[in-house]
Amino acid sequence: MILLICCSTVQAQRFHVLALAENGGHHIAYSQRAKAWLNQQAKDSNFVVDYIENTDKIDASFLAKYQLFIQLDYAPYAWKLAAAKAFEEYINNGKGGWIGFHHATLLGEFDGYPMWNWFHQFMGKIRWKDYIPDFADGEVVVEDGKHPVMCGVADSFLVKKEEWYSYDRSPRPDVHVLAHVKEGARIVGDHPVIWTNPYVKARNVYIFMGHAPELFDNPTYVLLFRNAISWAAGSGK
């Protein structure tokens with residue numbers, strides 16, 4: 001399998017990916033499945049991937065080794081100060097790309113940690129409000145089918161039993177929305193679930209869906225992830 005080159009240009013040379021994933025909690029099964037999938041993609045394509053389970057190692061020189069940062073279900077709090085500052089510089093100055101999943105929008109005050117204001121802005125000024133604890137199916141509707149991340153993706157697709165979040169506001173005014181989940185009996189209001197922030201230099205995309213390991217049995221989800229790697233690891237907008 002070759003890393004999909006659909007509507008974007010991926011780097012011709014071998015590139016390096018850093019994946020940050022929690023080492024416990026109720027997202028661990030997703031992270032383990034994601035690592036196995038990423039390892040196979042790396043073998044079949046032109047990148048190498050390293051994993052970390054906390055932010056202790058992150059500083060500017062550490063991040064300089066990587067063309068892509070993947071945030072696998074790792075929340076934006078409890079980061080070491082040096083790591084947070086290095087990450088902000090990495091994204092603001094376009095030193096590499098970023099893909100975030102699910103837990104990356106757990107924004108607010110948790111476990112005694114304050115809101116990370118920069119990340120709050122980066123994710124469209126949202127604050128986590130609640131979630132559907134016993135999960136629900138959701139129909140994801142594509143809004144920008146011309147974006148490289150959505151290349152080859154059907155106009156809509158089903159995601160089963162996701163832990164959908166709700167926020168204090170929609171991020172839509174401050175990000176470019178690529179897809180939303182359709183409103184239903186348990187999913188209320190405007191609900192973007194895939195978006196990119198065009199106001200920073202780094203290529204970046206947030207994909208909300210990232211709770212259950214079964215997502216990797218969904219061909220559309222796998223395609224999204226593969227597209228995201230191809231696009232975010234590239235250069236320019």
# chains A, B, ... in the order shown; residues from 1 in each chain; ligands from 1

$ select_by_dssp --residues "segment 48-211 of chain A" --states "helix (DSSP H, G or I)" --output "PyMOL selection string"
chain A and resi 60-63+81-92+102-105+117-122+148-150+172-174

$ write_last_selection --atoms "C-alpha atoms" --output "short mmCIF file (atom, residue, chain, number, x, y, z; two decimals), in the first residue's frame"
data_model
loop_
_atom_site.label_atom_id
_atom_site.label_comp_id
_atom_site.auth_asym_id
_atom_site.auth_seq_id
_atom_site.Cartn_x
_atom_site.Cartn_y
_atom_site.Cartn_z
CA ALA A 60 12.03 23.31 20.16
CA SER A 61 15.01 21.11 19.33
CA PHE A 62 13.02 17.92 19.89
CA LEU A 63 10.16 19.06 17.62
CA LEU A 81 5.42 24.78 30.09
CA ALA A 82 8.43 24.36 27.81
CA ALA A 83 6.50 21.84 25.72
CA ALA A 84 3.50 24.14 25.35
CA LYS A 85 5.66 27.06 24.25
CA ALA A 86 7.59 24.90 21.78
CA PHE A 87 4.37 23.52 20.34
CA GLU A 88 2.91 27.01 19.91
CA GLU A 89 6.02 28.09 17.99
CA TYR A 90 5.94 24.90 15.91
CA ILE A 91 2.35 25.60 14.79
CA ASN A 92 2.47 29.39 14.57
CA HIS A 102 -11.04 13.58 19.90
CA HIS A 103 -9.51 14.40 23.29
CA ALA A 104 -7.59 17.36 21.82
CA THR A 105 -10.74 19.51 22.33
CA ASN A 117 -5.47 29.98 26.14
CA TRP A 118 -3.42 29.54 22.98
CA PHE A 119 -4.88 26.08 22.35
CA HIS A 120 -8.34 27.47 23.09
CA GLN A 121 -7.84 29.97 20.26
CA PHE A 122 -6.30 27.33 18.01
CA PRO A 148 -7.37 17.37 0.33
CA VAL A 149 -8.31 15.76 3.65
CA MET A 150 -11.78 14.99 2.24
CA ARG A 172 -17.34 27.64 13.01
CA PRO A 173 -16.71 31.44 13.13
CA ASP A 174 -13.01 30.89 13.84
#

$ residues_around --residues "Val141 of chain A" --least-positions-apart "6" --cutoff "10 Å" --atoms "only C-alpha atoms" --output "ChimeraX atom specification"
/A:154-158,178-182,192-194

$ write_last_selection --atoms "C-alpha atoms" --output "PDB file, in the first residue's frame"
ATOM      1  CA  ALA A 154     -18.455  10.267   0.328  1.00  0.00           C
ATOM      2  CA  ASP A 155     -20.802  13.216   0.859  1.00  0.00           C
ATOM      3  CA  SER A 156     -21.895  11.613   4.132  1.00  0.00           C
ATOM      4  CA  PHE A 157     -20.896   8.554   6.148  1.00  0.00           C
ATOM      5  CA  LEU A 158     -21.928   6.822   9.363  1.00  0.00           C
ATOM      6  CA  LEU A 178     -14.689  20.451   6.571  1.00  0.00           C
ATOM      7  CA  ALA A 179     -17.518  18.324   7.981  1.00  0.00           C
ATOM      8  CA  HIS A 180     -20.218  18.313  10.658  1.00  0.00           C
ATOM      9  CA  VAL A 181     -22.279  15.623  12.346  1.00  0.00           C
ATOM     10  CA  LYS A 182     -25.948  15.774  11.464  1.00  0.00           C
ATOM     11  CA  PRO A 192     -18.569  20.650  13.330  1.00  0.00           C
ATOM     12  CA  VAL A 193     -16.400  17.544  13.729  1.00  0.00           C
ATOM     13  CA  ILE A 194     -13.598  18.044  11.176  1.00  0.00           C
TER      14      ILE A 194
END

$ select_by_dssp --residues "segment 18-206 of chain A" --states "strand (DSSP E or B)" --output "PyMOL selection string"
chain A and resi 18-21+47-52+68-72+97-101+110+113+128-131+136-142+156-162+165-167+176-181+192-196+204-206

$ write_last_selection --atoms "C-alpha atoms" --output "short mmCIF file (atom, residue, chain, number, x, y, z; two decimals), in the first residue's frame"
data_model
loop_
_atom_site.label_atom_id
_atom_site.label_comp_id
_atom_site.auth_asym_id
_atom_site.auth_seq_id
_atom_site.Cartn_x
_atom_site.Cartn_y
_atom_site.Cartn_z
CA LEU A 18 5.72 12.24 16.26
CA ALA A 19 2.61 10.74 17.87
CA LEU A 20 1.57 11.76 21.38
CA ALA A 21 -0.80 9.28 23.03
CA PHE A 47 7.65 7.96 6.86
CA VAL A 48 8.86 6.83 10.25
CA VAL A 49 6.88 7.33 13.45
CA ASP A 50 7.99 7.79 17.06
CA TYR A 51 5.69 7.70 20.11
CA ILE A 52 5.68 9.57 23.39
CA LEU A 68 4.22 16.01 11.50
CA PHE A 69 2.82 15.98 15.04
CA ILE A 70 -0.16 13.65 15.68
CA GLN A 71 -2.07 14.23 18.91
CA LEU A 72 -3.83 10.91 19.56
CA GLY A 97 1.97 19.85 10.42
CA TRP A 98 -0.54 18.71 13.05
CA ILE A 99 -3.41 16.25 13.24
CA GLY A 100 -5.48 16.16 16.43
CA PHE A 101 -8.13 13.67 17.46
CA PHE A 110 -9.41 20.05 34.54
CA TYR A 113 -4.92 22.88 35.45
CA TRP A 128 -15.77 21.51 26.53
CA LYS A 129 -19.26 21.34 27.98
CA ASP A 130 -20.52 17.75 28.04
CA TYR A 131 -20.58 14.43 26.20
CA ALA A 136 -24.62 7.41 19.77
CA ASP A 137 -24.40 6.82 16.05
CA GLY A 138 -23.84 9.93 13.96
CA GLU A 139 -24.05 10.80 10.28
CA VAL A 140 -21.05 12.92 9.29
CA VAL A 141 -21.80 15.33 6.43
CA VAL A 142 -18.95 16.72 4.31
CA SER A 156 -21.90 11.61 4.13
CA PHE A 157 -20.90 8.55 6.15
CA LEU A 158 -21.93 6.82 9.36
CA VAL A 159 -19.84 6.76 12.52
CA LYS A 160 -21.12 4.24 15.06
CA LYS A 161 -21.25 4.72 18.82
CA GLU A 162 -19.07 7.78 19.19
CA TYR A 165 -18.76 16.16 22.76
CA SER A 166 -20.71 19.36 23.12
CA TYR A 167 -19.08 22.76 23.57
CA HIS A 176 -12.69 26.34 8.36
CA VAL A 177 -15.18 23.51 8.79
CA LEU A 178 -14.69 20.45 6.57
CA ALA A 179 -17.52 18.32 7.98
CA HIS A 180 -20.22 18.31 10.66
CA VAL A 181 -22.28 15.62 12.35
CA PRO A 192 -18.57 20.65 13.33
CA VAL A 193 -16.40 17.54 13.73
CA ILE A 194 -13.60 18.04 11.18
CA TRP A 195 -11.96 21.42 10.74
CA THR A 196 -8.74 23.27 10.07
CA ASN A 204 -3.47 21.41 10.67
CA VAL A 205 -6.65 19.38 10.91
CA TYR A 206 -8.78 18.31 13.86
#

$ atom_distance --atom1 "atom CA of Glu22 of chain A" --atom2 "atom CA of Ile229 of chain A"
19.9 Å

$ residues_around --residues "Val175 of chain A" --least-positions-apart "4" --cutoff "8 Å" --atoms "only C-alpha atoms" --output "mmCIF file with N, CA and C atoms, in the first residue's frame"
data_model
loop_
_atom_site.group_PDB
_atom_site.id
_atom_site.type_symbol
_atom_site.label_atom_id
_atom_site.label_comp_id
_atom_site.auth_asym_id
_atom_site.auth_seq_id
_atom_site.Cartn_x
_atom_site.Cartn_y
_atom_site.Cartn_z
ATOM 1 N N MET A 123 -8.243 25.976 18.596
ATOM 2 C CA MET A 123 -9.380 25.098 18.348
ATOM 3 C C MET A 123 -10.701 25.846 18.182
ATOM 4 N N GLY A 124 -10.634 27.111 17.830
ATOM 5 C CA GLY A 124 -11.859 27.841 17.513
ATOM 6 C C GLY A 124 -12.590 28.416 18.703
ATOM 7 N N PRO A 171 -17.263 26.184 16.907
ATOM 8 C CA PRO A 171 -15.997 26.787 16.479
ATOM 9 C C PRO A 171 -16.089 27.437 15.096
ATOM 10 N N TRP A 195 -12.240 20.043 11.138
ATOM 11 C CA TRP A 195 -11.957 21.418 10.744
ATOM 12 C C TRP A 195 -10.457 21.681 10.726
ATOM 13 N N THR A 196 -10.116 22.803 10.104
ATOM 14 C CA THR A 196 -8.738 23.267 10.072
ATOM 15 C C THR A 196 -8.715 24.747 10.427
ATOM 16 N N ASN A 197 -7.637 25.177 11.069
ATOM 17 C CA ASN A 197 -7.486 26.583 11.441
ATOM 18 C C ASN A 197 -6.568 27.252 10.424
ATOM 19 N N PRO A 198 -7.110 28.127 9.559
ATOM 20 C CA PRO A 198 -6.294 28.747 8.515
ATOM 21 C C PRO A 198 -5.483 29.944 8.992
#

$ residues_around --residues "Ala233 of chain A" --least-positions-apart "2" --cutoff "9 Å" --atoms "only C-alpha atoms" --output "list in words"
Val10, Gln11, Phe15, His16, Val17, Gln67, Leu68, Phe69, Gly96, Gly97, Trp98, Arg203, Ala228, Ile229, Ser230, Trp231 and Ser235 of chain A

$ atom_distance --atom1 "atom CA of Thr55 of chain A" --atom2 "atom CA of Ser31 of chain A"
16.3 Å

$ atom_distance --atom1 "atom CA of Leu107 of chain A" --atom2 "atom CA of Arg127 of chain A"
5.0 Å

$ closest_residue --among "A:Gly152, A:Gly112, A:Gly189, A:Gly25" --to "Asp168 of chain A" --atoms "only C-alpha atoms"
A:Gly189

$ decode --residues "segment 49-71 of chain A" --atoms "N, CA and C atoms" --output "JSON list (two decimals), in the first residue's frame"
[["chain", "number", "residue", "atom", "x", "y", "z"],
["A", 49, "VAL", "N", 7.69, 6.76, 12.38],
["A", 49, "VAL", "CA", 6.88, 7.33, 13.45],
["A", 49, "VAL", "C", 7.48, 6.97, 14.80],
["A", 50, "ASP", "N", 7.56, 7.97, 15.68],
["A", 50, "ASP", "CA", 7.99, 7.79, 17.06],
["A", 50, "ASP", "C", 6.82, 8.13, 17.98],
["A", 51, "TYR", "N", 6.79, 7.50, 19.16],
["A", 51, "TYR", "CA", 5.69, 7.70, 20.11],
["A", 51, "TYR", "C", 6.21, 8.23, 21.44],
["A", 52, "ILE", "N", 5.43, 9.12, 22.03],
["A", 52, "ILE", "CA", 5.68, 9.57, 23.39],
["A", 52, "ILE", "C", 4.36, 9.54, 24.15],
["A", 53, "GLU", "N", 4.44, 9.40, 25.48],
["A", 53, "GLU", "CA", 3.24, 9.28, 26.30],
["A", 53, "GLU", "C", 3.06, 10.45, 27.25],
["A", 54, "ASN", "N", 3.96, 11.42, 27.19],
["A", 54, "ASN", "CA", 3.82, 12.66, 27.95],
["A", 54, "ASN", "C", 4.63, 13.72, 27.22],
["A", 55, "THR", "N", 4.61, 14.93, 27.75],
["A", 55, "THR", "CA", 5.26, 16.05, 27.05],
["A", 55, "THR", "C", 6.64, 16.38, 27.61],
["A", 56, "ASP", "N", 7.20, 15.51, 28.43],
["A", 56, "ASP", "CA", 8.46, 15.81, 29.11],
["A", 56, "ASP", "C", 9.60, 16.11, 28.14],
["A", 57, "LYS", "N", 9.66, 15.42, 27.01],
["A", 57, "LYS", "CA", 10.77, 15.57, 26.08],
["A", 57, "LYS", "C", 10.60, 16.75, 25.12],
["A", 58, "ILE", "N", 9.41, 17.29, 25.06],
["A", 58, "ILE", "CA", 9.12, 18.26, 24.00],
["A", 58, "ILE", "C", 9.76, 19.62, 24.30],
["A", 59, "ASP", "N", 10.58, 20.06, 23.37],
["A", 59, "ASP", "CA", 11.07, 21.43, 23.32],
["A", 59, "ASP", "C", 11.34, 21.73, 21.85],
["A", 60, "ALA", "N", 11.86, 22.90, 21.55],
["A", 60, "ALA", "CA", 12.03, 23.31, 20.16],
["A", 60, "ALA", "C", 12.97, 22.37, 19.40],
["A", 61, "SER", "N", 14.06, 21.97, 20.02],
["A", 61, "SER", "CA", 15.01, 21.11, 19.33],
["A", 61, "SER", "C", 14.44, 19.71, 19.10],
["A", 62, "PHE", "N", 13.65, 19.23, 20.03],
["A", 62, "PHE", "CA", 13.02, 17.92, 19.89],
["A", 62, "PHE", "C", 12.02, 17.94, 18.73],
["A", 63, "LEU", "N", 11.17, 18.97, 18.68],
["A", 63, "LEU", "CA", 10.16, 19.06, 17.62],
["A", 63, "LEU", "C", 10.79, 19.28, 16.25],
["A", 64, "ALA", "N", 11.96, 19.86, 16.21],
["A", 64, "ALA", "CA", 12.62, 20.16, 14.93],
["A", 64, "ALA", "C", 12.91, 18.89, 14.13],
["A", 65, "LYS", "N", 12.88, 17.73, 14.76],
["A", 65, "LYS", "CA", 13.15, 16.47, 14.07],
["A", 65, "LYS", "C", 11.94, 15.95, 13.30],
["A", 66, "TYR", "N", 10.77, 16.58, 13.53],
["A", 66, "TYR", "CA", 9.54, 16.00, 13.01],
["A", 66, "TYR", "C", 8.81, 16.95, 12.07],
["A", 67, "GLN", "N", 8.32, 16.39, 10.97],
["A", 67, "GLN", "CA", 7.54, 17.16, 10.00],
["A", 67, "GLN", "C", 6.04, 17.09, 10.29],
["A", 68, "LEU", "N", 5.64, 16.17, 11.17],
["A", 68, "LEU", "CA", 4.22, 16.01, 11.50],
["A", 68, "LEU", "C", 4.07, 15.60, 12.95],
["A", 69, "PHE", "N", 3.14, 16.26, 13.64],
["A", 69, "PHE", "CA", 2.82, 15.98, 15.04],
["A", 69, "PHE", "C", 1.38, 15.47, 15.07],
["A", 70, "ILE", "N", 1.18, 14.24, 15.56],
["A", 70, "ILE", "CA", -0.16, 13.65, 15.68],
["A", 70, "ILE", "C", -0.51, 13.57, 17.15],
["A", 71, "GLN", "N", -1.61, 14.21, 17.51],
["A", 71, "GLN", "CA", -2.07, 14.23, 18.91],
["A", 71, "GLN", "C", -3.21, 13.21, 19.03]]
